Amino acid sequence: MSNIGSYEELCKTFDWKMAERELDFGRGGMYNIGYYCSDRLCELGLGQKLALVWEGFNGEVRKYTFEELRSSSNCFANMLEQQGLQVGDRICLFMDRIPELYIAFLGILKMGGIVQPLFSAFGEDALSMRLADAETKAILTTRKHLGKVRRIRSTLPALRSVIVVDAGNRSLERGEVAFSLENARGLEKFEVHKVGPETPSVLHYTSGTTAKPKGALHVHSSIVAQYISTKWVLDVSPDDIYWCTADPGWVTGTSYGIIGPWANGITQVVLDSGFSARHWYAFIEKYRVTVWYSAPTAIRLLMKEGFEPVKHFDLSSLRHLASVGEPLNAEAVIWSEKAFGKPFHDTFWQTETGSIVITNYPWMKIKPGSMGKPFPGIEGTVVHPKTYEPIEKHGVAGLIALRPGWPSMFRTYWNHKETYDAKFKNGWYICGDRASIDSDGYYWFIGRDDDVINTAGHLVGPFEIESALLEHPSVAESAAVGKPDPINMEVVKAFVALKPGFSSSDDLTMEIMNFIRKKLSPLAMPQEIEYVASLPKTRSGKIMRRLLRAKEWGEEIGDTSTLESD
Amino acid sequence: MPEDLKKMLIEYIKKEYLDEDSDQEITENTRLISGGIVDSFSMVSLKMFLEKKFQVKIPDEKATPEAFDSVNNILSLLKEFTKL
């Protein structure tokens, strides 16, 4: 029997207070996520239980009990206070998946800071843009990424402290501080900052179509939804060994790679290594992973390697599999049943929703390719794209809409309240994705309702790529769209019109690709560049990405009456 | 295996995929993909560089993370398509 029991019954009876009571949220006036993910577990007698088992790509292993997690996160919190950082300061985590990332996340929350996790593969422009927008006060990083921070620091007047967690013997510059968790002794006592349930906790940046990335601001009460959805959707039990393959630079890596499992007192394992099917299977075998939360892109990469590697490993420990990031195709569900004897359960949610909102539950009959059903306590529907009225007819496409009010819902976009307000129509939060609902209440994903590119489960904004492309000396105008890709669902394709005096060549293509990769990130790097004489525009001069995208996907081009004439 | 090819590849990877301030050493056995130096997206530009430099076409099914995981692995892969 799975944790959730009867879904239909819960949909009738559930309210979020039930989850609060289970978590004992607010005990003694305490609402801090940092407390609920470490101190509370020790108070419950789980201090000696393993909280984190980390393995590096070269086989190095580090282990932390909940007691060590508690005292080590105290160390980080104390150090940040000593650096003069204060409640409400935005403190960025910019490092690979090392234990310090997970532990500092709790430390920042414990001292009342707002955690701003950023993907460590971000280039200078992507990093600078997000730090400037948040007026980030401190950044915790490693030697590997320090160069990028140094090169943009002069453009960030709000940035006071750069903390290097593995400085070793590397000489540091003024304003940089070395902090070694391994050399620091655990701090037994630290007075966890007493936040309220609505106090900001985590600021995750996400991409949009027409503007720069925006920071979705979450609050401490998000843990209520993350706790209960980890328990019911990922079906964790006390003896589970849980592996979430997501990077905490993105929301899955924090909601379900830190908060959800630790709020449940679960042992989680982390592999800090690039993808390799054999390495992943060996990792599952070695640690006897029972619950595995991964992504469609990774599953399709495993599929590409076939059944043969699976045979060489004992994967019998696997009990429950789930997936997030982009729609999980039916073939991947069927393949995983054959390969592991269990299907991957698709889960749908966003940076903004903070926790799983539509999903396939452990007990539920999976319809391969479907997103599943809304989480208890969350009212969902699809609405008409113009009237925002619910579509009652089954199988008709509309915009996914959710009634606001669950605890992990974002509270605003940092500095962009008007953009936040625009996400709500007719009393619904509009996700920006299109779907239909069948007669059994299952949701079926159709696609994004905007030009944002979903590549390997990460949203990339075309505006950010196009702006960066224009900074290349050869580029006169550009458009970035998603093109279909069998592994990543979409990859970035750029259309480029060159300035006079430049001509297309393989060398120029490589140069532009690497230019974007270094400025923004590998995810944003166009995997293909098509050179064009000019780009299709509306009569008012706006580039029509829709047209270019439709061509890539073999779709109808639609109304072109507003196109400029040649 | 000509040493100058190995050296050229190492230099290219250092220049393109390591931060300019990085103190990380790259050898022919350094783990590139699993070590987080080159990710699966960046493999596309590395593959394009190899194809251009060595005038070969590497089939997508051969361009696996394992095949690109070290300079030595890359050279073994290239040997399948060209006389090195």
# chains A, B, ... in the order shown; residues from 1 in each chain; ligands from 1
call {"tool": "interface_residues", "arguments": {"of": "chain B", "to": "chain A", "cutoff": "10 Å", "atoms": "only C-alpha atoms", "output": "tab-separated table (two decimals) with N, CA and C atoms, in the first residue's frame"}}
result
chain	number	residue	atom	x	y	z
B	16	GLU	N	38.61	26.12	-24.51
B	16	GLU	CA	37.17	26.27	-24.73
B	16	GLU	C	36.30	25.89	-23.53
B	17	TYR	N	36.76	24.93	-22.73
B	17	TYR	CA	35.83	24.39	-21.72
B	17	TYR	C	36.24	24.65	-20.27
B	18	LEU	N	37.45	25.13	-20.07
B	18	LEU	CA	37.83	25.48	-18.70
B	18	LEU	C	37.76	26.99	-18.55
B	19	ASP	N	37.47	27.43	-17.36
B	19	ASP	CA	37.48	28.86	-17.09
B	19	ASP	C	38.91	29.37	-17.28
B	20	GLU	N	39.02	30.59	-17.79
B	20	GLU	CA	40.37	31.11	-18.06
B	20	GLU	C	41.24	31.22	-16.81
B	21	ASP	N	40.59	31.32	-15.63
B	21	ASP	CA	41.34	31.39	-14.37
B	21	ASP	C	41.52	30.03	-13.72
B	22	SER	N	41.06	28.99	-14.38
B	22	SER	CA	41.07	27.68	-13.74
B	22	SER	C	42.49	27.17	-13.52
B	23	ASP	N	42.68	26.54	-12.36
B	23	ASP	CA	44.00	25.93	-12.10
B	23	ASP	C	43.95	24.42	-12.33
B	24	GLN	N	42.87	23.95	-12.96
B	24	GLN	CA	42.72	22.52	-13.18
B	24	GLN	C	43.63	22.04	-14.30
B	31	ARG	N	38.80	12.96	-16.81
B	31	ARG	CA	37.40	12.65	-17.13
B	31	ARG	C	36.69	13.93	-17.55
B	32	LEU	N	36.31	14.00	-18.78
B	32	LEU	CA	35.73	15.24	-19.31
B	32	LEU	C	34.23	15.33	-19.07
B	33	ILE	N	33.50	14.28	-19.42
B	33	ILE	CA	32.04	14.31	-19.28
B	33	ILE	C	31.66	13.99	-17.82
B	34	SER	N	32.11	12.86	-17.33
B	34	SER	CA	31.73	12.50	-15.95
B	34	SER	C	32.36	13.44	-14.95
B	35	GLY	N	33.46	14.09	-15.31
B	35	GLY	CA	34.10	15.05	-14.41
B	35	GLY	C	33.50	16.44	-14.48
B	36	GLY	N	32.49	16.61	-15.32
B	36	GLY	CA	31.79	17.89	-15.36
B	36	GLY	C	32.51	19.00	-16.12
B	37	ILE	N	33.52	18.66	-16.92
B	37	ILE	CA	34.22	19.70	-17.69
B	37	ILE	C	33.45	19.99	-18.98
B	38	VAL	N	33.01	18.94	-19.62
B	38	VAL	CA	32.19	19.08	-20.84
B	38	VAL	C	30.84	18.39	-20.56
B	39	ASP	N	29.74	19.10	-20.77
B	39	ASP	CA	28.44	18.45	-20.53
B	39	ASP	C	27.87	17.97	-21.85
B	40	SER	N	26.72	17.29	-21.76
B	40	SER	CA	26.17	16.66	-22.97
B	40	SER	C	25.80	17.71	-24.03
B	41	PHE	N	25.43	18.91	-23.61
B	41	PHE	CA	25.09	19.96	-24.59
B	41	PHE	C	26.37	20.46	-25.29
B	42	SER	N	27.41	20.64	-24.50
B	42	SER	CA	28.66	21.16	-25.06
B	42	SER	C	29.34	20.15	-25.97
B	43	MET	N	28.96	18.87	-25.81
B	43	MET	CA	29.55	17.84	-26.68
B	43	MET	C	29.28	18.14	-28.14
B	44	VAL	N	28.17	18.84	-28.41
B	44	VAL	CA	27.82	19.16	-29.79
B	44	VAL	C	28.89	20.03	-30.44
B	45	SER	N	29.34	21.04	-29.69
B	45	SER	CA	30.36	21.93	-30.27
B	45	SER	C	31.71	21.22	-30.33
B	46	LEU	N	31.98	20.34	-29.37
B	46	LEU	CA	33.24	19.59	-29.40
B	46	LEU	C	33.25	18.63	-30.59
B	48	MET	N	31.59	18.99	-33.33
B	48	MET	CA	31.72	19.79	-34.55
B	48	MET	C	33.18	20.17	-34.80
B	49	PHE	N	33.87	20.51	-33.71
B	49	PHE	CA	35.29	20.85	-33.83
B	49	PHE	C	36.09	19.66	-34.37
B	52	LYS	N	35.41	18.94	-38.04
B	52	LYS	CA	36.03	19.94	-38.91
B	52	LYS	C	37.55	19.72	-38.97
B	61	GLU	N	25.21	8.05	-33.10
B	61	GLU	CA	25.18	6.91	-32.18
B	61	GLU	C	26.57	6.59	-31.61
B	64	THR	N	28.86	9.11	-27.90
B	64	THR	CA	28.29	8.85	-26.58
B	64	THR	C	29.11	9.56	-25.50
B	65	PRO	N	28.53	9.74	-24.32
B	65	PRO	CA	29.32	10.35	-23.23
B	65	PRO	C	30.61	9.58	-22.95
B	66	GLU	N	30.55	8.26	-23.04
B	66	GLU	CA	31.76	7.46	-22.80
B	66	GLU	C	32.83	7.76	-23.85
B	69	ASP	N	34.64	10.91	-23.04
B	69	ASP	CA	34.94	11.13	-21.62
B	69	ASP	C	36.41	11.42	-21.32
call {"tool": "residues_around", "arguments": {"residues": "Trp363 in chain A", "least_positions_apart": "2", "cutoff": "10 Å", "atoms": "only C-alpha atoms", "output": "short mmCIF file (atom, residue, chain, number, x, y, z; two decimals) with C-alpha atoms, in the first residue's frame"}}
result
data_model
loop_
_atom_site.label_atom_id
_atom_site.label_comp_id
_atom_site.auth_asym_id
_atom_site.auth_seq_id
_atom_site.Cartn_x
_atom_site.Cartn_y
_atom_site.Cartn_z
CA MET A 1 0.00 0.00 0.00
CA SER A 2 1.37 3.39 -0.91
CA ASN A 3 1.44 6.38 1.44
CA ILE A 4 -1.34 8.26 -0.29
CA GLY A 5 -4.08 5.66 0.19
CA SER A 6 -7.29 6.60 -1.59
CA TYR A 7 -6.81 9.57 -3.92
CA TRP A 232 2.52 10.89 -1.33
CA VAL A 233 3.88 11.22 -4.86
CA ASP A 235 6.07 7.57 -1.81
CA ASN A 360 0.68 10.07 -11.53
CA TYR A 361 0.39 8.52 -8.07
CA LYS A 365 -3.11 3.09 -13.28
CA ILE A 366 -0.73 4.94 -15.54
#
call {"tool": "residues_around", "arguments": {"residues": "Glu198 in chain A", "least_positions_apart": "6", "cutoff": "8 Å", "atoms": "only C-alpha atoms", "output": "NGL selection string"}}
result
:A and (219-221)
call {"tool": "write_last_selection", "arguments": {"atoms": "N, CA and C atoms", "output": "JSON list (two decimals), in the first residue's frame"}}
result
[["chain", "number", "residue", "atom", "x", "y", "z"],
["A", 219, "VAL", "N", 8.36, 31.04, -0.05],
["A", 219, "VAL", "CA", 8.38, 31.34, 1.38],
["A", 219, "VAL", "C", 8.53, 30.05, 2.18],
["A", 220, "HIS", "N", 8.78, 30.21, 3.48],
["A", 220, "HIS", "CA", 9.08, 29.04, 4.32],
["A", 220, "HIS", "C", 7.94, 28.02, 4.38],
["A", 221, "SER", "N", 6.69, 28.48, 4.24],
["A", 221, "SER", "CA", 5.60, 27.50, 4.33],
["A", 221, "SER", "C", 5.55, 26.58, 3.12]]
call {"tool": "select_by_dssp", "arguments": {"residues": "range 22-69 of chain B", "states": "alpha helix (DSSP H)", "output": "PyMOL selection string"}}
result
chain B and resi 43-54
call {"tool": "write_last_selection", "arguments": {"atoms": "C-alpha atoms", "output": "tab-separated table (two decimals), in the first residue's frame"}}
result
chain	number	residue	atom	x	y	z
B	43	MET	CA	29.55	17.84	-26.68
B	44	VAL	CA	27.82	19.16	-29.79
B	45	SER	CA	30.36	21.93	-30.27
B	46	LEU	CA	33.24	19.59	-29.40
B	47	LYS	CA	32.00	17.05	-31.95
B	48	MET	CA	31.72	19.79	-34.55
B	49	PHE	CA	35.29	20.85	-33.83
B	50	LEU	CA	36.57	17.29	-34.21
B	51	GLU	CA	34.67	16.73	-37.45
B	52	LYS	CA	36.03	19.94	-38.91
B	53	LYS	CA	39.58	19.42	-37.71
B	54	PHE	CA	39.83	15.80	-38.81
call {"tool": "closest_residue", "arguments": {"among": "B:Glu80, B:Val56, B:Thr30, B:Val71", "to": "Tyr12 in chain B", "atoms": "only C-alpha atoms"}}
result
B:Val71
call {"tool": "atom_distance", "arguments": {"atom1": "CA of Val324 in chain A", "atom2": "CA of Pro99 in chain A"}}
result
23.0 Å
call {"tool": "atom_distance", "arguments": {"atom1": "CA of Trp280 in chain A", "atom2": "CA of Val310 in chain A"}}
result
10.2 Å
call {"tool": "atom_distance", "arguments": {"atom1": "CA of Pro374 in chain A", "atom2": "CA of Tyr256 in chain A"}}
result
17.8 Å
call {"tool": "residues_around", "arguments": {"residues": "Glu28 in chain B", "least_positions_apart": "4", "cutoff": "12 Å", "atoms": "only C-alpha atoms", "output": "CSV table (one decimal) with N, CA and C atoms, in the first residue's frame"}}
result
chain,number,residue,atom,x,y,z
B,1,MET,N,50.2,6.8,-31.4
B,1,MET,CA,49.4,8.0,-31.4
B,1,MET,C,50.2,9.3,-31.4
B,3,GLU,N,51.8,12.5,-30.5
B,3,GLU,CA,51.7,13.3,-29.3
B,3,GLU,C,51.2,14.7,-29.6
B,4,ASP,N,51.5,15.2,-30.8
B,4,ASP,CA,51.1,16.6,-31.0
B,4,ASP,C,49.5,16.7,-31.2
B,5,LEU,N,48.9,15.6,-31.6
B,5,LEU,CA,47.4,15.6,-31.7
B,5,LEU,C,46.8,15.6,-30.3
B,6,LYS,N,47.4,14.8,-29.5
B,6,LYS,CA,47.0,14.8,-28.1
B,6,LYS,C,47.1,16.1,-27.4
B,7,LYS,N,48.2,16.7,-27.7
B,7,LYS,CA,48.5,18.1,-27.1
B,7,LYS,C,47.5,19.1,-27.6
B,8,MET,N,47.3,19.0,-28.9
B,8,MET,CA,46.4,20.0,-29.5
B,8,MET,C,45.0,19.9,-28.9
B,9,LEU,N,44.5,18.6,-28.8
B,9,LEU,CA,43.2,18.4,-28.2
B,9,LEU,C,43.1,18.9,-26.8
B,10,ILE,N,44.1,18.6,-26.0
B,10,ILE,CA,44.2,19.1,-24.6
B,10,ILE,C,44.1,20.6,-24.6
B,11,GLU,N,44.9,21.3,-25.4
B,11,GLU,CA,44.9,22.7,-25.4
B,11,GLU,C,43.5,23.3,-25.8
B,13,ILE,N,40.6,21.9,-25.5
B,13,ILE,CA,39.6,21.7,-24.4
B,13,ILE,C,39.9,22.7,-23.2
B,14,LYS,N,41.1,22.9,-22.9
B,14,LYS,CA,41.5,23.9,-21.9
B,14,LYS,C,40.9,25.2,-22.2
B,32,LEU,N,36.3,14.0,-18.8
B,32,LEU,CA,35.7,15.2,-19.3
B,32,LEU,C,34.2,15.3,-19.1
B,68,PHE,N,33.4,10.4,-25.4
B,68,PHE,CA,34.0,11.7,-25.2
B,68,PHE,C,34.5,12.0,-23.8
B,69,ASP,N,34.6,10.9,-23.0
B,69,ASP,CA,34.9,11.1,-21.6
B,69,ASP,C,36.4,11.4,-21.3
B,70,SER,N,37.3,11.2,-22.3
B,70,SER,CA,38.7,11.6,-22.1
B,70,SER,C,39.3,11.9,-23.5
B,71,VAL,N,40.5,12.5,-23.4
B,71,VAL,CA,41.2,12.8,-24.7
B,71,VAL,C,41.5,11.4,-25.3
B,72,ASN,N,42.0,10.5,-24.5
B,72,ASN,CA,42.3,9.2,-25.1
B,72,ASN,C,41.1,8.5,-25.7
B,73,ASN,N,39.9,8.6,-25.0
B,73,ASN,CA,38.7,8.0,-25.6
B,73,ASN,C,38.4,8.7,-27.0
B,74,ILE,N,38.5,10.0,-27.0
B,74,ILE,CA,38.2,10.7,-28.2
B,74,ILE,C,39.1,10.3,-29.4
B,75,LEU,N,40.4,10.1,-29.0
B,75,LEU,CA,41.4,9.7,-30.1
B,75,LEU,C,41.0,8.3,-30.5
B,76,SER,N,40.6,7.4,-29.6
B,76,SER,CA,40.2,6.1,-30.0
B,76,SER,C,39.0,6.1,-31.0
call {"tool": "closest_residue", "arguments": {"among": "A:Lys367, A:Trp16, A:Trp553, A:Leu547", "to": "Trp406 in chain A", "atoms": "only C-alpha atoms"}}
result
A:Trp16
call {"tool": "residues_around", "arguments": {"residues": "range 62-78 of chain A", "least_positions_apart": "3", "cutoff": "6 Å", "atoms": "only C-alpha atoms", "output": "number ranges by chain"}}
result
A: 38-39, 47-54, 81, 103-104, 106-108, 111, 186-188, 190
call {"tool": "decode", "arguments": {"residues": "range 22-61 of chain B", "atoms": "N, CA and C atoms", "output": "PDB file, in the first residue's frame"}}
result
ATOM      1  N   SER B  22      41.057  28.993 -14.378  1.00  0.00           N
ATOM      2  CA  SER B  22      41.065  27.680 -13.736  1.00  0.00           C
ATOM      3  C   SER B  22      42.491  27.170 -13.516  1.00  0.00           C
ATOM      4  N   ASP B  23      42.682  26.536 -12.359  1.00  0.00           N
ATOM      5  CA  ASP B  23      43.996  25.930 -12.100  1.00  0.00           C
ATOM      6  C   ASP B  23      43.946  24.416 -12.327  1.00  0.00           C
ATOM      7  N   GLN B  24      42.868  23.954 -12.960  1.00  0.00           N
ATOM      8  CA  GLN B  24      42.715  22.521 -13.184  1.00  0.00           C
ATOM      9  C   GLN B  24      43.631  22.036 -14.303  1.00  0.00           C
ATOM     10  N   GLU B  25      44.275  20.919 -14.073  1.00  0.00           N
ATOM     11  CA  GLU B  25      45.136  20.307 -15.082  1.00  0.00           C
ATOM     12  C   GLU B  25      44.296  19.374 -15.954  1.00  0.00           C
ATOM     13  N   ILE B  26      44.640  19.312 -17.226  1.00  0.00           N
ATOM     14  CA  ILE B  26      43.971  18.344 -18.109  1.00  0.00           C
ATOM     15  C   ILE B  26      45.046  17.422 -18.683  1.00  0.00           C
ATOM     16  N   THR B  27      44.829  16.142 -18.564  1.00  0.00           N
ATOM     17  CA  THR B  27      45.725  15.171 -19.193  1.00  0.00           C
ATOM     18  C   THR B  27      44.891  14.338 -20.167  1.00  0.00           C
ATOM     19  N   GLU B  28      45.550  13.387 -20.798  1.00  0.00           N
ATOM     20  CA  GLU B  28      44.809  12.563 -21.765  1.00  0.00           C
ATOM     21  C   GLU B  28      43.771  11.669 -21.078  1.00  0.00           C
ATOM     22  N   ASN B  29      43.923  11.485 -19.753  1.00  0.00           N
ATOM     23  CA  ASN B  29      42.978  10.623 -19.034  1.00  0.00           C
ATOM     24  C   ASN B  29      41.967  11.384 -18.185  1.00  0.00           C
ATOM     25  N   THR B  30      42.046  12.695 -18.159  1.00  0.00           N
ATOM     26  CA  THR B  30      41.101  13.477 -17.349  1.00  0.00           C
ATOM     27  C   THR B  30      39.675  13.188 -17.793  1.00  0.00           C
ATOM     28  N   ARG B  31      38.804  12.961 -16.812  1.00  0.00           N
ATOM     29  CA  ARG B  31      37.399  12.647 -17.129  1.00  0.00           C
ATOM     30  C   ARG B  31      36.689  13.932 -17.545  1.00  0.00           C
ATOM     31  N   LEU B  32      36.306  14.005 -18.777  1.00  0.00           N
ATOM     32  CA  LEU B  32      35.728  15.244 -19.311  1.00  0.00           C
ATOM     33  C   LEU B  32      34.227  15.329 -19.072  1.00  0.00           C
ATOM     34  N   ILE B  33      33.503  14.276 -19.418  1.00  0.00           N
ATOM     35  CA  ILE B  33      32.042  14.309 -19.276  1.00  0.00           C
ATOM     36  C   ILE B  33      31.664  13.991 -17.822  1.00  0.00           C
ATOM     37  N   SER B  34      32.112  12.856 -17.328  1.00  0.00           N
ATOM     38  CA  SER B  34      31.732  12.497 -15.951  1.00  0.00           C
ATOM     39  C   SER B  34      32.363  13.444 -14.949  1.00  0.00           C
ATOM     40  N   GLY B  35      33.457  14.094 -15.307  1.00  0.00           N
ATOM     41  CA  GLY B  35      34.097  15.052 -14.411  1.00  0.00           C
ATOM     42  C   GLY B  35      33.500  16.441 -14.480  1.00  0.00           C
ATOM     43  N   GLY B  36      32.494  16.613 -15.324  1.00  0.00           N
ATOM     44  CA  GLY B  36      31.785  17.891 -15.362  1.00  0.00           C
ATOM     45  C   GLY B  36      32.506  18.996 -16.122  1.00  0.00           C
ATOM     46  N   ILE B  37      33.519  18.656 -16.917  1.00  0.00           N
ATOM     47  CA  ILE B  37      34.221  19.700 -17.690  1.00  0.00           C
ATOM     48  C   ILE B  37      33.453  19.986 -18.984  1.00  0.00           C
ATOM     49  N   VAL B  38      33.005  18.937 -19.624  1.00  0.00           N
ATOM     50  CA  VAL B  38      32.188  19.078 -20.840  1.00  0.00           C
ATOM     51  C   VAL B  38      30.843  18.391 -20.565  1.00  0.00           C
ATOM     52  N   ASP B  39      29.737  19.102 -20.766  1.00  0.00           N
ATOM     53  CA  ASP B  39      28.442  18.449 -20.531  1.00  0.00           C
ATOM     54  C   ASP B  39      27.866  17.972 -21.855  1.00  0.00           C
ATOM     55  N   SER B  40      26.721  17.295 -21.764  1.00  0.00           N
ATOM     56  CA  SER B  40      26.174  16.665 -22.968  1.00  0.00           C
ATOM     57  C   SER B  40      25.802  17.707 -24.032  1.00  0.00           C
ATOM     58  N   PHE B  41      25.426  18.912 -23.607  1.00  0.00           N
ATOM     59  CA  PHE B  41      25.094  19.959 -24.586  1.00  0.00           C
ATOM     60  C   PHE B  41      26.368  20.460 -25.286  1.00  0.00           C
ATOM     61  N   SER B  42      27.408  20.639 -24.498  1.00  0.00           N
ATOM     62  CA  SER B  42      28.655  21.160 -25.065  1.00  0.00           C
ATOM     63  C   SER B  42      29.344  20.146 -25.967  1.00  0.00           C
ATOM     64  N   MET B  43      28.959  18.868 -25.809  1.00  0.00           N
ATOM     65  CA  MET B  43      29.545  17.841 -26.679  1.00  0.00           C
ATOM     66  C   MET B  43      29.285  18.144 -28.144  1.00  0.00           C
ATOM     67  N   VAL B  44      28.173  18.838 -28.408  1.00  0.00           N
ATOM     68  CA  VAL B  44      27.820  19.157 -29.792  1.00  0.00           C
ATOM     69  C   VAL B  44      28.895  20.032 -30.435  1.00  0.00           C
ATOM     70  N   SER B  45      29.342  21.043 -29.689  1.00  0.00           N
ATOM     71  CA  SER B  45      30.360  21.929 -30.268  1.00  0.00           C
ATOM     72  C   SER B  45      31.712  21.222 -30.332  1.00  0.00           C
ATOM     73  N   LEU B  46      31.982  20.340 -29.370  1.00  0.00           N
ATOM     74  CA  LEU B  46      33.244  19.593 -29.405  1.00  0.00           C
ATOM     75  C   LEU B  46      33.247  18.626 -30.593  1.00  0.00           C
ATOM     76  N   LYS B  47      32.125  17.984 -30.819  1.00  0.00           N
ATOM     77  CA  LYS B  47      31.998  17.050 -31.952  1.00  0.00           C
ATOM     78  C   LYS B  47      32.196  17.810 -33.267  1.00  0.00           C
ATOM     79  N   MET B  48      31.592  18.987 -33.326  1.00  0.00           N
ATOM     80  CA  MET B  48      31.716  19.787 -34.548  1.00  0.00           C
ATOM     81  C   MET B  48      33.180  20.174 -34.796  1.00  0.00           C
ATOM     82  N   PHE B  49      33.867  20.513 -33.714  1.00  0.00           N
ATOM     83  CA  PHE B  49      35.288  20.854 -33.834  1.00  0.00           C
ATOM     84  C   PHE B  49      36.085  19.658 -34.365  1.00  0.00           C
ATOM     85  N   LEU B  50      35.825  18.486 -33.799  1.00  0.00           N
ATOM     86  CA  LEU B  50      36.571  17.286 -34.212  1.00  0.00           C
ATOM     87  C   LEU B  50      36.293  16.957 -35.676  1.00  0.00           C
ATOM     88  N   GLU B  51      35.033  17.058 -36.061  1.00  0.00           N
ATOM     89  CA  GLU B  51      34.669  16.734 -37.446  1.00  0.00           C
ATOM     90  C   GLU B  51      35.348  17.686 -38.422  1.00  0.00           C
ATOM     91  N   LYS B  52      35.410  18.939 -38.039  1.00  0.00           N
ATOM     92  CA  LYS B  52      36.032  19.940 -38.909  1.00  0.00           C
ATOM     93  C   LYS B  52      37.549  19.716 -38.974  1.00  0.00           C
ATOM     94  N   LYS B  53      38.118  19.531 -37.811  1.00  0.00           N
ATOM     95  CA  LYS B  53      39.576  19.420 -37.709  1.00  0.00           C
ATOM     96  C   LYS B  53      40.088  18.172 -38.419  1.00  0.00           C
ATOM     97  N   PHE B  54      39.346  17.076 -38.263  1.00  0.00           N
ATOM     98  CA  PHE B  54      39.827  15.802 -38.808  1.00  0.00           C
ATOM     99  C   PHE B  54      39.096  15.394 -40.084  1.00  0.00           C
ATOM    100  N   GLN B  55      38.224  16.286 -40.557  1.00  0.00           N
ATOM    101  CA  GLN B  55      37.511  16.031 -41.813  1.00  0.00           C
ATOM    102  C   GLN B  55      36.813  14.668 -41.800  1.00  0.00           C
ATOM    103  N   VAL B  56      36.067  14.427 -40.725  1.00  0.00           N
ATOM    104  CA  VAL B  56      35.331  13.170 -40.606  1.00  0.00           C
ATOM    105  C   VAL B  56      33.890  13.483 -40.214  1.00  0.00           C
ATOM    106  N   LYS B  57      33.035  12.471 -40.338  1.00  0.00           N
ATOM    107  CA  LYS B  57      31.665  12.603 -39.853  1.00  0.00           C
ATOM    108  C   LYS B  57      31.486  11.545 -38.764  1.00  0.00           C
ATOM    109  N   ILE B  58      31.277  12.002 -37.547  1.00  0.00           N
ATOM    110  CA  ILE B  58      31.081  11.053 -36.434  1.00  0.00           C
ATOM    111  C   ILE B  58      29.584  10.796 -36.301  1.00  0.00           C
ATOM    112  N   PRO B  59      29.132   9.547 -36.524  1.00  0.00           N
ATOM    113  CA  PRO B  59      27.688   9.283 -36.408  1.00  0.00           C
ATOM    114  C   PRO B  59      27.200   9.576 -34.988  1.00  0.00           C
ATOM    115  N   ASP B  60      25.964  10.067 -34.876  1.00  0.00           N
ATOM    116  CA  ASP B  60      25.416  10.429 -33.565  1.00  0.00           C
ATOM    117  C   ASP B  60      25.467   9.261 -32.581  1.00  0.00           C
ATOM    118  N   GLU B  61      25.212   8.050 -33.100  1.00  0.00           N
ATOM    119  CA  GLU B  61      25.184   6.906 -32.178  1.00  0.00           C
ATOM    120  C   GLU B  61      26.567   6.587 -31.611  1.00  0.00           C
TER     121      GLU B  61
END
